[in-house]
Amino acid sequence: MVSTLVQTEKLTPSARRKLILALAWPAVLEMMLHMMVGIVDTAMAGHLGPEALSAVGLGNQIYFSCVFIFESVGIGASAIVARYIGARNRERAGVIASQTFTLGIIIGGVLSLLGYIFSPSIMGVFHLTPEVRNLSIDYLRTLSYGWGFMLLLFINTAMLRGAGNTRLPMILAAFANILNIFFNYALIFGKFGMPALGVTGAAWGTVISQSIGSIVLIFLLFKGSLNFKITLNHMHYNFLTTTRILRVGLPTAVEESILSTGNLISSYFLTHLGTEYFAAHQVANRVESLSYMPGFGFALASAALVGQSLGAKNPAEAEANIWETVKLAVLSMSLMGVFFFLSAPHLVKIFSTDITVKSAGATCLRIAALEQPFLSFVMVLLGALRGSGATTSALMVSALGIFGVRIPLFYLVIFKWQLGLTFVWWAMIVDWAVRSLIIFIIIRKGKWKSKKV
């Protein structure tokens with residue numbers, strides 16, 4: 001059993017950095033591997049043409065929007081599990097995990113059904129050519145077959161990270177990623193005796209690989225050799241436990257709904273720029289997502305450390321861990337920004353051979369390099385708020401950023417001022433800068449330290 005527990009005594013700066021990195025580096029690698037699934041899909045589909053590239057990019061965006069909404073159940077359970085692990089109560093952590101597993105089965109089944117039924121309606125909202133629309137529907141419908149297992153994988157790994165176990169999720173992500181590369185290559189291009197399914201093959205590769213990873217983790221959790229054990233006798237419905245999970249998780253669900261709605265509105269605006277520029281935006285987003293991975297990893301470390309510190313009745317250590325994590329995240333993502341700026345043309349051409357896509361994508365990626373300090377700052381502090389259970393505050397930050405800054409600026413840039421894709425990316429920098437200021441004020445006020453979960 002791998003677990004990293006917060007010490008109750010005050011840590012030295014060196015010891016604190018070691019503790020943060022012990023939690024963060026496996027989470028960073030795990031998130032990079034998860035993102036590689038989408039990158040592999042996009043890169044391989046990109047060689048089928050801009051239409052396939054747009055379809056896979058949009059399909060992945062909608063898929064992750066839906067999953068992240070319902071993964072909020074895992075966020076809520078993770079905060080509670082972290083408190084019990086910090087209080088050295090492994091049995092109660094297992095009860096929470098078992099109840100969350102039941103909720104995940106129900107939500108995953110509903111999500112798969114809705115995804116299959118409403119894929120045509122969802123894609124009908126966007127300003128797409130008939131070819132891109134049909135490819136997008138096929139891709140999203142195929143993904144929906146595996147949404148149940150994928151959701152359980154996200155939820156269960158979230159709870160493990162809350163318990164301090166970030167290595168096993170990393171190992172599972174590596175395993176699933178290897179499978180995804182193999183099945184994608186085989187099913188997109190018709191290799192190793194398998195049919196050439198094109199865009200649909202990319203979706204099947206993701207479904208197969210993620211489902212296998214989910215099944216392996218479920219087996220290990222029931223076996224009981226990890227930080228907590230899921231048991232059948234604890235999987236019966238318990239209103240109080242469910243209420244606790246949802247009280248923390250529902251604000252995250254609303255937050256993710258707002259983010260997803262904002263992203264879909266943004267995509268709707270961007271499709272009016274044309275297929276090539278929308279594809280360029282998708283490519284720049286996909287490459288920039290590599291920098292999200294250190295941010296996600298440090299955010300997850302921040303959430304676990306804050307949750308366990310508060311469970312151990314040590315709020316001072318919780319805040320000290322937050323600011324040390326911020327320093328490491330800003331440094332890491334700023335270095336990624338330098339890499340993006342210097343290597344933009346070479347990175348973009350991996351995804352497309354289209355001249356317009358390559359040129360516009362490289363310009364956007366260089367602008368993205370400048371937003372990395374703001375982005376890393378917000379990601380870590382949002383993780384801290386979620387780890388403390390103060391998910392309503394995290395919701396407020398995201399809502400103000402999306403609907404108070406990003407969407408209005410996108411509308412002005414695209415429709416009123418007609419400045420094009422480049423200025424859309426400058427608008428995103430403004431959004432992250434505003435969010436940085438808001439969340440800094442919230443953390444400094446300190447109300448999250450007394451949050452009950």
# chains A, B, ... in the order shown; residues from 1 in each chain; ligands from 1
>>> residues_around(residues="Val378 (chain A)", least_positions_apart="2", cutoff="12 Å", atoms="only C-alpha atoms", output="JSON, numbers by chain")
{"A": [292, 295, 296, 298, 299, 302, 322, 323, 325, 326, 327, 329, 330, 333, 371, 372, 373, 374, 375, 376, 380, 381, 382, 383, 384, 385, 394, 397, 398, 401, 431, 432, 433, 434, 435, 436, 437, 438, 439, 440, 441, 442, 443]}
>>> residues_around(residues="region 183-200 of chain A", least_positions_apart="5", cutoff="9 Å", atoms="only C-alpha atoms", output="list of chain:residue names")
A:Val40, A:Asp41, A:Met44, A:Ala45, A:Leu48, A:Ala52, A:Leu53, A:Ala55, A:Val56, A:Leu135, A:Ser136, A:Asp138, A:Tyr139, A:Leu140, A:Arg141, A:Thr142, A:Leu143, A:Ile178, A:Gly205, A:Thr206, A:Ile208, A:Ser209
>>> residues_around(residues="Val348 (chain A)", least_positions_apart="6", cutoff="12 Å", atoms="only C-alpha atoms", output="VMD selection string")
chain A and resid 39 42 to 43 46 279 to 288 340 to 342 354 to 366
>>> select_by_dssp(residues="region 197-283 of chain A", states="alpha helix (DSSP H)", output="JSON, numbers by chain")
{"A": [199, 200, 201, 202, 203, 204, 205, 206, 207, 208, 209, 210, 211, 212, 213, 214, 215, 216, 217, 218, 219, 220, 221, 222, 223, 239, 240, 241, 242, 243, 244, 245, 246, 247, 248, 249, 250, 251, 252, 253, 254, 255, 256, 257, 258, 259, 260, 261, 262, 263, 264, 265, 266, 267, 268, 269, 270, 271, 275, 276, 277, 278, 279, 280, 281, 282, 283]}
>>> closest_residue(among="A:Ile265, A:Leu300, A:Ala312, A:Leu33", to="Phe403 (chain A)", atoms="only C-alpha atoms")
A:Ile265
>>> residues_around(residues="region 20-29 of chain A", least_positions_apart="4", cutoff="6 Å", atoms="only C-alpha atoms", output="list in words")
Thr166, Arg167, Met170, Met293, Pro294, Gly297, Phe298 and Ala301 of chain A
>>> closest_residue(among="A:Ser388, A:Asn134, A:Ser98, A:Ser72", to="Lys229 (chain A)", atoms="only C-alpha atoms")
A:Ser98
>>> closest_residue(among="A:Ala399, A:Ala202, A:Ile215, A:Val405", to="Leu151 (chain A)", atoms="only C-alpha atoms")
A:Ile215
>>> atom_distance(atom1="CA of Gly76 (chain A)", atom2="CA of Gly387 (chain A)")
8.7 Å
>>> atom_distance(atom1="CA of Leu152 (chain A)", atom2="CA of Arg247 (chain A)")
19.7 Å
>>> atom_distance(atom1="CA of Gln61 (chain A)", atom2="CA of Leu305 (chain A)")
29.6 Å
>>> decode(residues="region 347-419 of chain A", atoms="C-alpha atoms", output="short mmCIF file (atom, residue, chain, number, x, y, z; two decimals), in the first residue's frame")
data_model
loop_
_atom_site.label_atom_id
_atom_site.label_comp_id
_atom_site.auth_asym_id
_atom_site.auth_seq_id
_atom_site.Cartn_x
_atom_site.Cartn_y
_atom_site.Cartn_z
CA LEU A 347 5.34 21.00 -32.56
CA VAL A 348 2.39 22.08 -34.69
CA LYS A 349 3.52 20.30 -37.85
CA ILE A 350 3.29 16.97 -36.00
CA PHE A 351 -0.49 17.35 -36.10
CA SER A 352 -1.12 18.72 -39.58
CA THR A 353 0.43 19.21 -42.99
CA ASP A 354 -2.00 22.00 -43.93
CA ILE A 355 -0.14 25.32 -44.40
CA THR A 356 -2.83 27.50 -42.81
CA VAL A 357 -3.22 25.19 -39.83
CA LYS A 358 0.53 25.10 -39.23
CA SER A 359 1.02 28.87 -39.48
CA ALA A 360 -1.95 29.90 -37.34
CA GLY A 361 -1.38 27.11 -34.84
CA ALA A 362 2.25 28.11 -34.27
CA THR A 363 1.28 31.74 -33.65
CA CYS A 364 -1.37 30.73 -31.11
CA LEU A 365 1.04 28.40 -29.34
CA ARG A 366 3.58 31.21 -28.90
CA ILE A 367 0.89 33.39 -27.33
CA ALA A 368 -0.06 30.46 -25.08
CA ALA A 369 3.51 30.46 -23.75
CA LEU A 370 2.84 33.82 -22.09
CA GLU A 371 -0.20 32.65 -20.12
CA GLN A 372 1.60 29.80 -18.31
CA PRO A 373 2.46 31.69 -15.06
CA PHE A 374 -1.17 32.81 -14.60
CA LEU A 375 -2.53 29.41 -15.55
CA SER A 376 -0.29 27.51 -13.11
CA PHE A 377 -1.14 29.91 -10.27
CA VAL A 378 -4.88 29.39 -10.75
CA MET A 379 -4.64 25.61 -11.16
CA VAL A 380 -2.79 25.04 -7.89
CA LEU A 381 -5.02 27.34 -5.85
CA LEU A 382 -8.16 25.76 -7.30
CA GLY A 383 -6.75 22.38 -6.25
CA ALA A 384 -6.20 23.71 -2.73
CA LEU A 385 -9.79 24.97 -2.49
CA ARG A 386 -11.18 21.64 -3.70
CA GLY A 387 -8.97 19.69 -1.31
CA SER A 388 -10.31 21.74 1.59
CA GLY A 389 -13.88 21.18 0.46
CA ALA A 390 -14.39 24.87 -0.42
CA THR A 391 -15.67 23.95 -3.86
CA THR A 392 -18.19 26.81 -3.97
CA SER A 393 -15.30 29.31 -3.96
CA ALA A 394 -13.65 27.42 -6.81
CA LEU A 395 -16.96 27.58 -8.67
CA MET A 396 -17.11 31.35 -8.27
CA VAL A 397 -13.60 31.85 -9.67
CA SER A 398 -14.29 29.74 -12.76
CA ALA A 399 -17.72 31.30 -13.40
CA LEU A 400 -16.37 34.84 -13.25
CA GLY A 401 -13.48 33.95 -15.55
CA ILE A 402 -15.58 32.19 -18.19
CA PHE A 403 -18.70 34.32 -18.34
CA GLY A 404 -17.34 37.58 -16.98
CA VAL A 405 -14.20 37.73 -19.11
CA ARG A 406 -13.60 35.00 -21.69
CA ILE A 407 -16.95 34.67 -23.47
CA PRO A 408 -17.54 38.45 -23.77
CA LEU A 409 -14.01 38.98 -25.12
CA PHE A 410 -14.34 36.09 -27.59
CA TYR A 411 -17.60 37.55 -28.88
CA LEU A 412 -16.08 40.99 -29.33
CA VAL A 413 -12.90 39.69 -30.97
CA ILE A 414 -14.63 37.34 -33.42
CA PHE A 415 -17.90 39.06 -34.31
CA LYS A 416 -17.59 42.76 -33.45
CA TRP A 417 -13.95 43.59 -33.99
CA GLN A 418 -13.26 40.70 -36.43
CA LEU A 419 -9.65 40.44 -35.27
#
